file target_35.txt (compact mmCIF, C-alpha atoms and all ligand atoms)
# COMPACT_ATOMS: atom_id res chain seq x y z
CA MET R 289 -231.08 -191.89 198.36
CA THR R 290 -234.04 -191.91 200.70
CA ASP R 291 -233.75 -194.22 203.67
CA VAL R 292 -237.52 -194.85 203.83
CA THR R 293 -238.55 -198.34 202.71
CA LYS R 294 -242.08 -199.64 202.89
CA SER R 295 -243.05 -202.28 205.43
CA TYR R 296 -245.39 -205.15 204.67
CA TRP R 297 -248.03 -203.51 206.89
CA MET R 298 -247.86 -200.27 204.89
CA GLU R 299 -249.56 -202.01 201.94
CA VAL R 300 -252.56 -200.77 203.92
CA PRO R 301 -251.99 -197.02 203.50
CA PRO R 302 -251.69 -195.17 206.80
CA ILE R 303 -254.21 -192.32 207.03
CA VAL R 304 -252.56 -188.89 206.90
CA GLY R 305 -253.79 -185.51 208.09
CA LYS R 306 -254.57 -182.21 206.41
CA THR R 307 -251.63 -180.14 205.22
CA GLU R 308 -253.04 -176.74 206.23
CA THR R 309 -251.42 -174.86 209.09
CA PRO R 310 -253.10 -175.80 212.38
CA ARG R 311 -255.04 -173.28 214.46
CA ASP R 312 -254.21 -172.61 218.11
CA GLY R 313 -256.29 -174.78 220.41
CA SER R 314 -256.67 -176.61 223.69
CA ILE R 315 -254.56 -179.80 223.49
CA ALA R 316 -251.98 -180.71 220.85
CA VAL R 317 -250.70 -184.25 220.49
CA ILE R 318 -247.36 -184.42 218.67
CA GLY R 319 -247.20 -187.74 216.82
CA SER R 320 -249.81 -189.90 215.13
CA GLY R 321 -248.42 -193.39 215.70
CA LEU R 322 -249.87 -195.82 218.22
CA THR R 323 -249.21 -193.34 221.03
CA GLY R 324 -250.50 -190.20 219.33
CA ALA R 325 -253.59 -191.87 217.89
CA SER R 326 -254.30 -193.57 221.23
CA ALA R 327 -253.70 -190.38 223.24
CA ALA R 328 -256.10 -188.38 221.07
CA TYR R 329 -258.67 -191.18 221.32
CA TRP R 330 -258.40 -191.51 225.12
CA LEU R 331 -258.41 -187.74 225.63
CA THR R 332 -261.77 -187.55 223.84
CA GLU R 333 -262.97 -190.52 225.93
CA TYR R 334 -262.08 -188.58 229.07
CA GLY R 335 -264.01 -185.50 228.00
CA PHE R 336 -261.47 -183.26 226.23
CA ASP R 337 -263.10 -181.82 223.14
CA ASP R 338 -260.54 -179.65 221.35
CA VAL R 339 -257.71 -182.01 220.42
CA THR R 340 -255.25 -181.53 217.53
CA ILE R 341 -252.83 -184.18 216.25
CA LEU R 342 -249.64 -183.01 214.51
CA ASP R 343 -247.13 -185.23 212.75
CA TYR R 344 -244.12 -185.05 210.46
CA GLU R 345 -242.77 -187.70 208.09
CA SER R 346 -245.18 -190.13 209.64
CA GLU R 347 -244.14 -192.86 207.19
CA ARG R 348 -241.07 -193.32 209.42
CA ALA R 349 -243.16 -194.16 212.50
CA ALA R 350 -242.23 -197.39 214.27
CA THR R 351 -245.96 -198.02 214.46
CA TYR R 352 -246.02 -198.99 210.76
CA ARG R 353 -242.77 -200.93 211.01
CA ASN R 354 -243.13 -203.34 213.91
CA CYS R 355 -243.86 -207.06 214.17
CA GLY R 356 -247.49 -206.93 215.30
CA HIS R 357 -246.86 -208.64 218.67
CA ILE R 358 -249.09 -207.54 221.57
CA LEU R 359 -247.19 -208.99 224.48
CA TYR R 360 -247.65 -209.47 228.19
CA GLY R 361 -244.66 -208.25 230.17
CA THR R 362 -241.84 -205.86 229.34
CA VAL R 363 -238.64 -206.22 227.40
CA GLU R 364 -237.19 -208.14 230.40
CA SER R 365 -238.08 -211.73 231.24
CA MET R 366 -239.82 -212.18 234.58
CA PHE R 367 -236.53 -213.57 235.90
CA ALA R 368 -234.63 -210.41 234.88
CA LEU R 369 -237.47 -208.08 235.93
CA THR R 370 -237.54 -209.59 239.42
CA ALA R 371 -233.76 -209.44 239.73
CA LEU R 372 -233.81 -205.76 238.77
CA HIS R 373 -236.84 -204.48 240.67
CA GLY R 374 -237.85 -207.12 243.23
CA GLU R 375 -240.86 -209.43 243.21
CA LYS R 376 -243.50 -206.92 244.31
CA THR R 377 -242.73 -204.35 241.61
CA ALA R 378 -242.25 -207.03 238.96
CA LYS R 379 -245.66 -208.49 239.77
CA GLU R 380 -247.40 -205.10 239.66
CA ILE R 381 -245.77 -204.20 236.33
CA TRP R 382 -246.61 -207.60 234.84
CA GLN R 383 -250.25 -207.33 235.88
CA PHE R 384 -250.46 -203.84 234.37
CA SER R 385 -248.90 -205.13 231.14
CA ILE R 386 -251.66 -207.77 230.98
CA ASP R 387 -254.36 -205.18 231.59
CA ILE R 388 -253.09 -202.96 228.78
CA CYS R 389 -252.88 -205.88 226.32
CA HIS R 390 -256.54 -206.51 227.10
CA GLU R 391 -257.18 -202.78 226.63
CA VAL R 392 -256.06 -203.13 222.99
CA ARG R 393 -258.44 -206.08 222.54
CA ASP R 394 -261.30 -204.21 224.18
CA THR R 395 -260.75 -201.09 222.07
CA ILE R 396 -260.71 -203.20 218.89
CA ARG R 397 -264.01 -204.80 219.93
CA ARG R 398 -265.62 -201.57 221.12
CA LEU R 399 -264.74 -199.63 217.96
CA LYS R 400 -265.14 -202.70 215.71
CA ILE R 401 -261.69 -202.09 214.16
CA PRO R 402 -260.91 -204.74 211.50
CA ALA R 403 -257.32 -205.15 212.73
CA ASP R 404 -256.85 -208.93 212.23
CA TYR R 405 -256.62 -209.30 216.02
CA ARG R 406 -255.90 -212.78 217.34
CA GLN R 407 -255.29 -213.64 220.98
CA ASP R 408 -253.28 -216.80 220.38
CA GLY R 409 -250.44 -216.46 222.88
CA TYR R 410 -246.69 -215.99 222.72
CA LEU R 411 -243.83 -218.43 222.55
CA VAL R 412 -240.36 -217.50 223.80
CA MET R 413 -237.63 -219.93 222.75
CA ALA R 414 -234.14 -220.54 224.09
CA ILE R 415 -231.29 -220.98 221.65
CA ASP R 416 -228.85 -222.22 224.29
CA LYS R 417 -228.86 -224.04 227.59
CA VAL R 418 -228.29 -220.91 229.71
CA GLU R 419 -231.34 -219.23 228.21
CA GLU R 420 -233.36 -222.39 228.75
CA GLN R 421 -232.45 -222.20 232.45
CA GLU R 422 -233.72 -218.60 232.55
CA ILE R 423 -236.95 -219.72 230.89
CA HIS R 424 -237.49 -222.31 233.65
CA GLN R 425 -236.81 -219.65 236.30
CA SER R 426 -239.23 -217.20 234.66
CA ILE R 427 -241.97 -219.83 234.46
CA SER R 428 -241.66 -220.73 238.12
CA LEU R 429 -241.67 -217.05 239.14
CA LEU R 430 -244.68 -216.31 236.93
CA ASN R 431 -246.58 -219.33 238.23
CA SER R 432 -245.76 -218.47 241.86
CA MET R 433 -247.26 -215.00 241.26
CA GLY R 434 -250.40 -216.54 239.77
CA PHE R 435 -249.64 -215.87 236.08
CA GLU R 436 -250.20 -218.56 233.46
CA SER R 437 -247.05 -219.79 231.70
CA THR R 438 -245.97 -223.28 230.63
CA TYR R 439 -242.81 -225.02 229.47
CA MET R 440 -242.54 -226.50 225.97
CA ASN R 441 -239.89 -229.12 225.30
CA GLN R 442 -237.83 -229.70 222.16
CA ASN R 443 -240.28 -232.29 220.77
CA GLN R 444 -243.18 -229.89 221.09
CA LEU R 445 -241.17 -227.09 219.47
CA SER R 446 -240.10 -229.39 216.66
CA ALA R 447 -243.79 -230.15 215.97
CA PHE R 448 -244.15 -226.36 215.56
CA GLY R 449 -241.46 -226.45 212.85
CA PHE R 450 -238.45 -225.23 214.87
CA LYS R 451 -234.96 -226.69 215.14
CA ASN R 452 -231.87 -225.95 217.23
CA VAL R 453 -233.96 -224.63 220.09
CA PHE R 454 -233.62 -225.81 223.69
CA GLY R 455 -237.10 -225.36 225.13
CA GLY R 456 -239.61 -222.57 225.33
CA ARG R 457 -242.07 -220.66 227.46
CA PHE R 458 -245.64 -220.37 226.25
CA GLU R 459 -248.14 -217.96 227.67
CA PRO R 460 -251.63 -217.96 226.24
CA GLY R 461 -252.80 -214.38 226.77
CA SER R 462 -250.62 -212.38 224.36
CA ALA R 463 -251.93 -211.51 220.93
CA GLN R 464 -251.19 -210.17 217.46
CA ALA R 465 -252.79 -207.59 215.19
CA HIS R 466 -252.16 -205.51 212.09
CA PRO R 467 -250.55 -202.34 213.49
CA VAL R 468 -251.54 -200.00 210.64
CA LYS R 469 -255.14 -201.22 210.65
CA PHE R 470 -255.35 -200.71 214.43
CA ARG R 471 -253.80 -197.23 214.27
CA ASN R 472 -255.99 -196.25 211.30
CA GLY R 473 -259.07 -197.41 213.21
CA LEU R 474 -258.15 -195.13 216.11
CA ILE R 475 -257.52 -192.19 213.78
CA GLN R 476 -260.86 -192.74 212.03
CA GLU R 477 -262.61 -192.70 215.39
CA CYS R 478 -260.74 -189.51 216.36
CA LEU R 479 -261.79 -187.82 213.12
CA LYS R 480 -265.41 -188.81 213.81
CA ARG R 481 -265.00 -187.08 217.18
CA ASN R 482 -263.79 -183.89 215.47
CA VAL R 483 -260.14 -184.24 216.40
CA HIS R 484 -258.09 -182.02 214.04
CA TYR R 485 -255.28 -183.91 212.31
CA HIS R 486 -252.47 -182.04 210.52
CA SER R 487 -249.53 -183.71 208.77
CA ASN R 488 -246.20 -182.32 207.61
CA ILE R 489 -245.83 -180.11 210.71
CA ARG R 490 -242.21 -180.42 211.72
CA VAL R 491 -242.14 -179.53 215.40
CA SER R 492 -238.72 -178.27 216.51
CA GLU R 493 -239.51 -176.91 219.98
CA VAL R 494 -242.15 -177.23 222.68
CA GLU R 495 -241.91 -174.64 225.44
CA GLU R 496 -244.09 -173.07 228.11
CA SER R 497 -245.12 -169.53 227.21
CA ASN R 498 -247.16 -166.65 228.59
CA ASN R 499 -245.78 -167.12 232.15
CA GLY R 500 -246.74 -170.77 232.19
CA GLU R 501 -250.29 -170.08 231.02
CA SER R 502 -249.86 -171.84 227.67
CA VAL R 503 -247.47 -173.90 225.56
CA THR R 504 -245.93 -172.77 222.29
CA ILE R 505 -245.07 -175.29 219.61
CA VAL R 506 -242.58 -174.11 217.04
CA SER R 507 -242.71 -175.66 213.56
CA GLN R 508 -241.64 -174.73 210.02
CA LYS R 509 -245.18 -173.31 209.68
CA GLY R 510 -244.76 -170.88 212.58
CA LYS R 511 -245.77 -170.78 216.25
CA HIS R 512 -248.86 -172.58 217.51
CA LYS R 513 -250.30 -171.96 220.97
CA PHE R 514 -252.10 -174.61 223.07
CA ASP R 515 -253.23 -174.95 226.68
CA ALA R 516 -251.41 -178.27 226.94
CA VAL R 517 -249.28 -180.53 224.76
CA VAL R 518 -248.67 -184.28 224.69
CA ILE R 519 -245.34 -185.35 223.23
CA ALA R 520 -246.14 -188.68 221.53
CA ALA R 521 -243.06 -188.90 219.33
CA ASN R 522 -241.33 -191.79 221.16
CA ALA R 523 -237.78 -192.16 219.75
CA TYR R 524 -238.04 -188.74 218.10
CA SER R 525 -238.83 -186.93 221.37
CA PRO R 526 -235.27 -185.67 222.03
CA LEU R 527 -235.29 -184.00 218.60
CA LEU R 528 -238.15 -181.70 219.54
CA SER R 529 -238.14 -181.51 223.33
CA ARG R 530 -235.43 -179.96 225.47
CA PHE R 531 -236.75 -181.95 228.44
CA PHE R 532 -235.98 -185.25 226.69
CA LEU R 533 -232.69 -184.02 225.31
CA GLU R 534 -231.36 -182.75 228.62
CA LYS R 535 -232.62 -185.59 230.80
CA ARG R 536 -231.45 -188.22 228.28
CA LEU R 537 -234.49 -190.30 229.15
CA ILE R 538 -234.42 -192.39 226.01
CA ASP R 539 -232.02 -193.66 223.40
CA PRO R 540 -233.21 -194.30 219.86
CA PHE R 541 -232.33 -197.69 218.40
CA LYS R 542 -233.02 -199.30 215.07
CA GLY R 543 -235.01 -202.49 214.63
CA GLN R 544 -235.11 -204.33 211.33
CA ILE R 545 -237.49 -206.86 209.79
CA ILE R 546 -237.67 -208.98 206.65
CA ALA R 547 -240.83 -210.62 205.26
CA SER R 548 -240.99 -213.47 202.75
CA LYS R 549 -243.32 -213.94 199.83
CA PRO R 550 -246.27 -216.19 200.79
CA LEU R 551 -244.87 -219.70 201.34
CA LYS R 552 -246.36 -222.71 199.51
CA ASN R 553 -246.44 -224.86 202.64
CA THR R 554 -248.36 -223.60 205.65
CA ILE R 555 -246.10 -222.11 208.34
CA LYS R 556 -246.54 -224.42 211.34
CA CYS R 557 -246.20 -221.80 214.06
CA THR R 558 -248.72 -219.02 213.51
CA ILE R 559 -248.44 -217.51 216.98
CA PRO R 560 -246.10 -214.62 217.78
CA HIS R 561 -242.74 -216.02 218.83
CA SER R 562 -239.22 -214.96 219.69
CA PHE R 563 -235.77 -216.41 220.35
CA ASP R 564 -232.56 -215.42 222.07
CA HIS R 565 -233.98 -213.27 224.90
CA GLY R 566 -236.36 -211.64 222.41
CA TYR R 567 -233.56 -210.39 220.16
CA GLU R 568 -235.18 -212.23 217.22
CA TYR R 569 -238.97 -212.04 216.92
CA ALA R 570 -241.31 -213.43 214.29
CA LEU R 571 -244.83 -213.89 213.06
CA ALA R 572 -246.68 -215.67 210.25
CA SER R 573 -248.84 -213.23 208.32
CA GLN R 574 -252.41 -214.07 207.43
CA ASP R 575 -251.25 -214.72 203.85
CA ASN R 576 -248.61 -217.21 205.09
CA ARG R 577 -245.48 -215.04 204.94
CA LEU R 578 -242.73 -215.43 207.49
CA ILE R 579 -242.02 -212.04 209.08
CA ILE R 580 -238.87 -211.98 211.22
CA GLY R 581 -236.93 -209.18 212.85
CA GLY R 582 -233.99 -208.63 215.15
CA TRP R 583 -230.28 -209.53 214.88
CA ARG R 584 -229.18 -206.01 215.88
CA ASN R 585 -227.36 -207.46 218.90
CA ASN R 586 -224.91 -209.04 216.43
CA THR R 587 -223.89 -205.70 214.93
CA PRO R 588 -221.15 -203.42 216.28
CA GLY R 589 -222.90 -200.84 218.49
CA GLY R 590 -226.22 -202.68 218.38
CA GLU R 591 -227.83 -200.07 216.05
CA ILE R 592 -228.21 -197.68 219.00
CA GLY R 593 -228.32 -193.89 218.54
CA THR R 594 -229.36 -193.74 214.89
CA TYR R 595 -232.34 -192.22 213.09
CA ASN R 596 -231.37 -193.70 209.71
CA ILE R 597 -233.94 -196.31 208.74
CA LEU R 598 -232.13 -197.68 205.71
CA PRO R 599 -232.00 -201.46 206.28
CA ASN R 600 -228.58 -202.80 207.21
CA PRO R 601 -227.51 -205.58 204.75
CA THR R 602 -225.57 -207.41 207.50
CA VAL R 603 -228.75 -207.66 209.56
CA GLU R 604 -230.72 -208.82 206.52
CA THR R 605 -228.35 -211.70 205.80
CA GLY R 606 -228.08 -212.47 209.51
CA LEU R 607 -231.86 -212.84 209.74
CA MET R 608 -231.98 -215.05 206.63
CA ARG R 609 -229.30 -217.29 208.10
CA PHE R 610 -231.14 -217.38 211.41
CA VAL R 611 -234.23 -218.70 209.59
CA GLU R 612 -232.14 -221.44 207.92
CA ASP R 613 -230.72 -222.40 211.33
CA HIS R 614 -233.96 -222.43 213.33
CA TYR R 615 -236.95 -223.19 211.06
CA GLU R 616 -237.75 -226.48 209.28
CA ILE R 617 -238.98 -225.01 205.99
CA ASP R 618 -238.71 -227.35 202.99
CA GLU R 619 -238.88 -224.82 200.21
CA LYS R 620 -236.83 -221.97 198.90
CA ILE R 621 -237.80 -218.78 200.72
CA GLU R 622 -238.02 -215.63 198.64
CA TRP R 623 -237.69 -212.48 200.72
CA GLU R 624 -239.93 -209.68 199.47
CA TYR R 625 -239.80 -206.92 202.11
CA SER R 626 -237.02 -205.46 204.21
CA TRP R 627 -237.52 -202.45 206.43
CA SER R 628 -236.35 -200.75 209.60
CA GLY R 629 -237.82 -198.45 212.20
CA ILE R 630 -236.64 -196.53 215.24
CA MET R 631 -237.69 -197.53 218.74
CA ALA R 632 -236.89 -195.89 222.07
CA ALA R 633 -235.00 -197.58 224.89
CA SER R 634 -235.95 -196.00 228.20
CA LYS R 635 -233.39 -195.27 230.91
CA THR R 636 -235.49 -197.00 233.57
CA GLY R 637 -236.72 -199.87 231.39
CA PHE R 638 -240.27 -198.57 231.93
CA PRO R 639 -242.16 -196.03 229.81
CA TYR R 640 -242.48 -192.37 230.82
CA ILE R 641 -246.11 -191.34 231.29
CA GLY R 642 -247.16 -188.01 232.75
CA PRO R 643 -246.19 -184.36 233.00
CA THR R 644 -242.64 -183.26 232.26
CA THR R 645 -241.04 -180.39 234.21
CA SER R 646 -243.90 -178.23 232.89
CA PRO R 647 -247.36 -179.13 234.21
CA ARG R 648 -248.73 -178.32 230.73
CA ILE R 649 -246.34 -180.51 228.72
CA PHE R 650 -247.03 -184.23 229.00
CA THR R 651 -245.52 -187.31 227.45
CA CYS R 652 -245.95 -190.99 226.78
CA ALA R 653 -242.78 -192.60 225.43
CA GLY R 654 -240.01 -195.16 225.88
CA TYR R 655 -241.51 -198.59 225.40
CA THR R 656 -238.24 -200.40 224.66
CA GLY R 657 -239.66 -202.57 221.90
CA HIS R 658 -243.02 -203.33 223.53
CA GLY R 659 -244.99 -200.37 222.22
CA PHE R 660 -248.07 -202.00 220.71
CA SER R 661 -249.86 -202.54 224.00
CA TRP R 662 -247.82 -200.09 226.07
CA ALA R 663 -248.52 -197.16 223.74
CA HIS R 664 -252.26 -197.73 223.86
CA GLY R 665 -252.34 -198.45 227.59
CA SER R 666 -249.92 -195.67 228.52
CA ALA R 667 -252.00 -193.18 226.55
CA LYS R 668 -255.08 -194.20 228.55
CA LEU R 669 -253.19 -193.74 231.80
CA LEU R 670 -252.00 -190.32 230.61
CA ALA R 671 -255.54 -189.23 229.71
CA GLN R 672 -256.64 -190.33 233.19
CA LEU R 673 -253.83 -188.32 234.80
CA MET R 674 -254.68 -185.27 232.70
CA SER R 675 -258.38 -185.45 233.48
CA GLY R 676 -257.78 -185.88 237.21
CA VAL R 677 -259.60 -189.20 237.62
CA GLU R 678 -258.17 -191.87 239.90
CA THR R 679 -255.23 -193.73 238.36
CA PRO R 680 -253.84 -197.16 239.18
CA ASP R 681 -251.06 -197.21 241.78
CA VAL R 682 -248.64 -198.54 239.19
CA ALA R 683 -248.49 -195.03 237.60
CA LYS R 684 -245.78 -194.15 240.15
CA TYR R 685 -243.22 -196.22 238.22
CA PHE R 686 -243.67 -194.17 235.06
CA ASN R 687 -243.08 -190.61 236.30
CA PRO R 688 -241.00 -188.79 233.64
CA LYS R 689 -239.60 -186.37 236.23
CA ILE R 690 -237.48 -188.95 238.07
C1 LIG J 1 -238.61 -203.22 213.80
C2 LIG J 1 -239.53 -202.98 214.94
C3 LIG J 1 -240.24 -204.04 215.50
C4 LIG J 1 -241.11 -203.83 216.57
N1 LIG J 1 -241.91 -204.85 216.99
C5 LIG J 1 -242.80 -204.63 217.98
C6 LIG J 1 -243.74 -205.63 218.33
O1 LIG J 1 -243.84 -206.69 217.71
N2 LIG J 1 -244.57 -205.38 219.39
C7 LIG J 1 -244.52 -204.21 220.07
O2 LIG J 1 -245.25 -204.06 221.05
N3 LIG J 1 -243.70 -203.20 219.70
C8 LIG J 1 -242.86 -203.39 218.66
N4 LIG J 1 -242.06 -202.36 218.24
C9 LIG J 1 -242.12 -201.07 218.95
C10 LIG J 1 -243.35 -200.27 218.58
O3 LIG J 1 -243.56 -200.28 217.18
C11 LIG J 1 -243.19 -198.84 219.07
O4 LIG J 1 -242.87 -198.85 220.44
C12 LIG J 1 -244.46 -198.03 218.88
O5 LIG J 1 -244.90 -198.11 217.55
C13 LIG J 1 -244.21 -196.59 219.27
O6 LIG J 1 -245.31 -195.84 218.84
P1 LIG J 1 -245.26 -194.27 218.95
O7 LIG J 1 -246.52 -193.78 218.38
O8 LIG J 1 -244.91 -193.88 220.32
O9 LIG J 1 -244.01 -193.83 218.04
P2 LIG J 1 -243.87 -193.86 216.46
O10 LIG J 1 -244.75 -194.89 215.86
O11 LIG J 1 -242.41 -193.95 216.15
O12 LIG J 1 -244.43 -192.45 216.01
C14 LIG J 1 -243.69 -191.28 216.20
C15 LIG J 1 -244.55 -190.13 215.72
O13 LIG J 1 -243.88 -188.91 215.98
C16 LIG J 1 -244.04 -188.07 214.87
N5 LIG J 1 -242.91 -187.13 214.82
C17 LIG J 1 -241.60 -187.40 214.90
N6 LIG J 1 -240.88 -186.28 214.83
C18 LIG J 1 -241.75 -185.25 214.71
C19 LIG J 1 -241.61 -183.85 214.60
N7 LIG J 1 -240.43 -183.25 214.61
N8 LIG J 1 -242.73 -183.11 214.50
C20 LIG J 1 -243.96 -183.69 214.50
N9 LIG J 1 -244.14 -185.02 214.62
C21 LIG J 1 -243.05 -185.78 214.72
C22 LIG J 1 -244.06 -188.99 213.68
O14 LIG J 1 -244.69 -188.38 212.57
C23 LIG J 1 -244.85 -190.17 214.22
O15 LIG J 1 -246.21 -189.95 213.99
C24 LIG J 1 -241.22 -202.53 217.14
C25 LIG J 1 -240.53 -201.47 216.58
C26 LIG J 1 -239.70 -201.67 215.48
C27 LIG J 1 -238.98 -200.50 214.87

call {"tool": "encode", "arguments": {"input": "target_35.txt", "output": "structure tokens"}}
result
Amino acid sequence: MTDVTKSYWMEVPPIVGKTETPRDGSIAVIGSGLTGASAAYWLTEYGFDDVTILDYESERAATYRNCGHILYGTVESMFALTALHGEKTAKEIWQFSIDICHEVRDTIRRLKIPADYRQDGYLVMAIDKVEEQEIHQSISLLNSMGFESTYMNQNQLSAFGFKNVFGGRFEPGSAQAHPVKFRNGLIQECLKRNVHYHSNIRVSEVEESNNGESVTIVSQKGKHKFDAVVIAANAYSPLLSRFFLEKRLIDPFKGQIIASKPLKNTIKCTIPHSFDHGYEYALASQDNRLIIGGWRNNTPGGEIGTYNILPNPTVETGLMRFVEDHYEIDEKIEWEYSWSGIMAASKTGFPYIGPTTSPRIFTCAGYTGHGFSWAHGSAKLLAQLMSGVETPDVAKYFNPKI
């Protein structure tokens, strides 16, 4: 039995590449998800003109399987981020995360991508008193650093159709969009710019060759030589790169989502939202479906270390029960979609952006669940690094060689 199920977003078919064997060239980008499509796009923006995208089994990409949230911040709350890295670093990272969210918005506007983009904020809800305390602490830290964030009490959350929640943090700048439409828009732009795009190329090795003068990619179609390569395979990177495998930079983990049929009554909260330290995350689709993911923290092992994207029935029922416990919905919900995807947890908690041990092999990976904005923004930073233009100071936190 195949483990590939279709996500709600994949009703819009993801564009695929040619199946012919690629020619040798200047820069190869391995992966065509948000990172690969963004990297190819930014590389052409920064003047590179011979770019080739390669992908394999792209229907598995997390890009087509996420929740559509474009969020300020990282996987950690500001409270946790400050505790881990100190206030100065936390502030710099947070500001960068805001800039890259806006980068997604600006790209959508610039390229006129019809990606259902809405900048309507993000609501983080506490499901117990301890989490509520952390929400208060995060708000006061964010406000003291000059970032906008406000508290929402139980009455306000109940007006949004939630129950059994203890308070929330709202920040107005985050956004949502259709991930496949956004990625397709980037690919279309790349094709217009003569980027070569080849699908069904299963890369198994990426190594320097010719005394460091080039990089050889090995695939089932043979050996392909490029001047430089960008590994944009996120969770799949250790399967094709010795650098990732040996340094153990990232761990794959499975995320799972269910989506209802369109509900009869309008879903009251249409902004991206999450609960329980972000472990459950949800969205209302434009056709009034409830889309909710998470629950992996309630499974033995937390779904870490797997590449199997067959949905786990325990997670499915857990998510359905979570909806009964936390949403006031006065109708029977029929669940129509259930899918999973593989994300990459990074060892540092930050993505890896830049050259690997070879100055010709680059990467952008490890977004720990926040890849929509981070993939697009990290790819821009990488293109800047590769083209030698000045990069923001914050790049120092993302060095893959650490
Ligand atoms: C259930 C779920 C919910 C999520 N929700 C959100 C959210 O709401 N907001 C958010 O910001 N992030 C979310 N994420 C994370 C986000 O989707 C990812 O971080 C992001 O899509 C990563 O993009 P990527 O292009 O780096 O990797 P992917 O989209 O996983 O793409 C990997 C690429 O590598 C290629 N590839 C793999 N192996 C090979 C090989 N051997 N040879 C050639 N090519 C190969 C594939 O074809 C594919 O194109 C979620 C993820 C999941 C799974």

call {"tool": "residues_around", "arguments": {"input": "target_35.txt", "residues": "Ser626 (chain R)", "least_positions_apart": "4", "cutoff": "12 Å", "atoms": "all atoms listed in the file", "output": "PyMOL selection string"}}
result
chain R and resi 291-297+353-354+543-549+578-582+597-601+603-605+607-608+622

call {"tool": "write_last_selection", "arguments": {"input": "target_35.txt", "atoms": "C-alpha atoms", "output": "short mmCIF file (atom, residue, chain, number, x, y, z; two decimals), keeping the file's coordinate frame"}}
result
data_model
loop_
_atom_site.label_atom_id
_atom_site.label_comp_id
_atom_site.auth_asym_id
_atom_site.auth_seq_id
_atom_site.Cartn_x
_atom_site.Cartn_y
_atom_site.Cartn_z
CA ASP R 291 -233.75 -194.22 203.67
CA VAL R 292 -237.52 -194.85 203.83
CA THR R 293 -238.55 -198.34 202.71
CA LYS R 294 -242.08 -199.64 202.89
CA SER R 295 -243.05 -202.28 205.43
CA TYR R 296 -245.39 -205.15 204.67
CA TRP R 297 -248.03 -203.51 206.89
CA ARG R 353 -242.77 -200.93 211.01
CA ASN R 354 -243.13 -203.34 213.91
CA GLY R 543 -235.01 -202.49 214.63
CA GLN R 544 -235.11 -204.33 211.33
CA ILE R 545 -237.49 -206.86 209.79
CA ILE R 546 -237.67 -208.98 206.65
CA ALA R 547 -240.83 -210.62 205.26
CA SER R 548 -240.99 -213.47 202.75
CA LYS R 549 -243.32 -213.94 199.83
CA LEU R 578 -242.73 -215.43 207.49
CA ILE R 579 -242.02 -212.04 209.08
CA ILE R 580 -238.87 -211.98 211.22
CA GLY R 581 -236.93 -209.18 212.85
CA GLY R 582 -233.99 -208.63 215.15
CA ILE R 597 -233.94 -196.31 208.74
CA LEU R 598 -232.13 -197.68 205.71
CA PRO R 599 -232.00 -201.46 206.28
CA ASN R 600 -228.58 -202.80 207.21
CA PRO R 601 -227.51 -205.58 204.75
CA VAL R 603 -228.75 -207.66 209.56
CA GLU R 604 -230.72 -208.82 206.52
CA THR R 605 -228.35 -211.70 205.80
CA LEU R 607 -231.86 -212.84 209.74
CA MET R 608 -231.98 -215.05 206.63
CA GLU R 622 -238.02 -215.63 198.64
#

call {"tool": "residues_near_ligand", "arguments": {"input": "target_35.txt", "ligand": "ligand LIG 1 (chain J)", "cutoff": "7 Å", "atoms": "all atoms listed in the file", "output": "PyMOL selection string"}}
result
chain R and resi 318-324+342-346+348-359+489-492+520-525+527-528+542-545+581+628-632+653+655-663

call {"tool": "residues_around", "arguments": {"input": "target_35.txt", "residues": "region 649-652 of chain R", "least_positions_apart": "5", "cutoff": "8 Å", "atoms": "only C-alpha atoms", "output": "list in words"}}
result
Thr323, Glu496, Val503, Ala516, Val517, Val518, Ile519, Ala520, Asn522, Pro639, Tyr640, Ile641, Gly642, Pro643, Thr644, Ala663, Ser666, Ala667, Leu670 and Pro688 of chain R

call {"tool": "residues_near_point", "arguments": {"input": "target_35.txt", "point": "(-265.0, -189.6, 228.7)", "cutoff": "12 Å", "atoms": "all atoms listed in the file", "output": "compact mmCIF listing (two decimals) with C-alpha atoms, keeping the file's coordinate frame"}}
result
# COMPACT_ATOMS: atom_id res chain seq x y z
CA ALA R 328 -256.10 -188.38 221.07
CA TYR R 329 -258.67 -191.18 221.32
CA TRP R 330 -258.40 -191.51 225.12
CA LEU R 331 -258.41 -187.74 225.63
CA THR R 332 -261.77 -187.55 223.84
CA GLU R 333 -262.97 -190.52 225.93
CA TYR R 334 -262.08 -188.58 229.07
CA GLY R 335 -264.01 -185.50 228.00
CA PHE R 336 -261.47 -183.26 226.23
CA ASP R 337 -263.10 -181.82 223.14
CA ARG R 481 -265.00 -187.08 217.18
CA LYS R 668 -255.08 -194.20 228.55
CA ALA R 671 -255.54 -189.23 229.71
CA GLN R 672 -256.64 -190.33 233.19
CA MET R 674 -254.68 -185.27 232.70
CA SER R 675 -258.38 -185.45 233.48
CA GLY R 676 -257.78 -185.88 237.21
CA VAL R 677 -259.60 -189.20 237.62

call {"tool": "closest_residue", "arguments": {"input": "target_35.txt", "among": "R:Tyr615, R:Phe541, R:Phe532, R:Phe448", "to": "Glu591 (chain R)", "atoms": "only C-alpha atoms"}}
result
R:Phe541

call {"tool": "atom_distance", "arguments": {"input": "target_35.txt", "atom1": "CA of Lys306 (chain R)", "atom2": "CA of Ala465 (chain R)"}}
result
26.9 Å
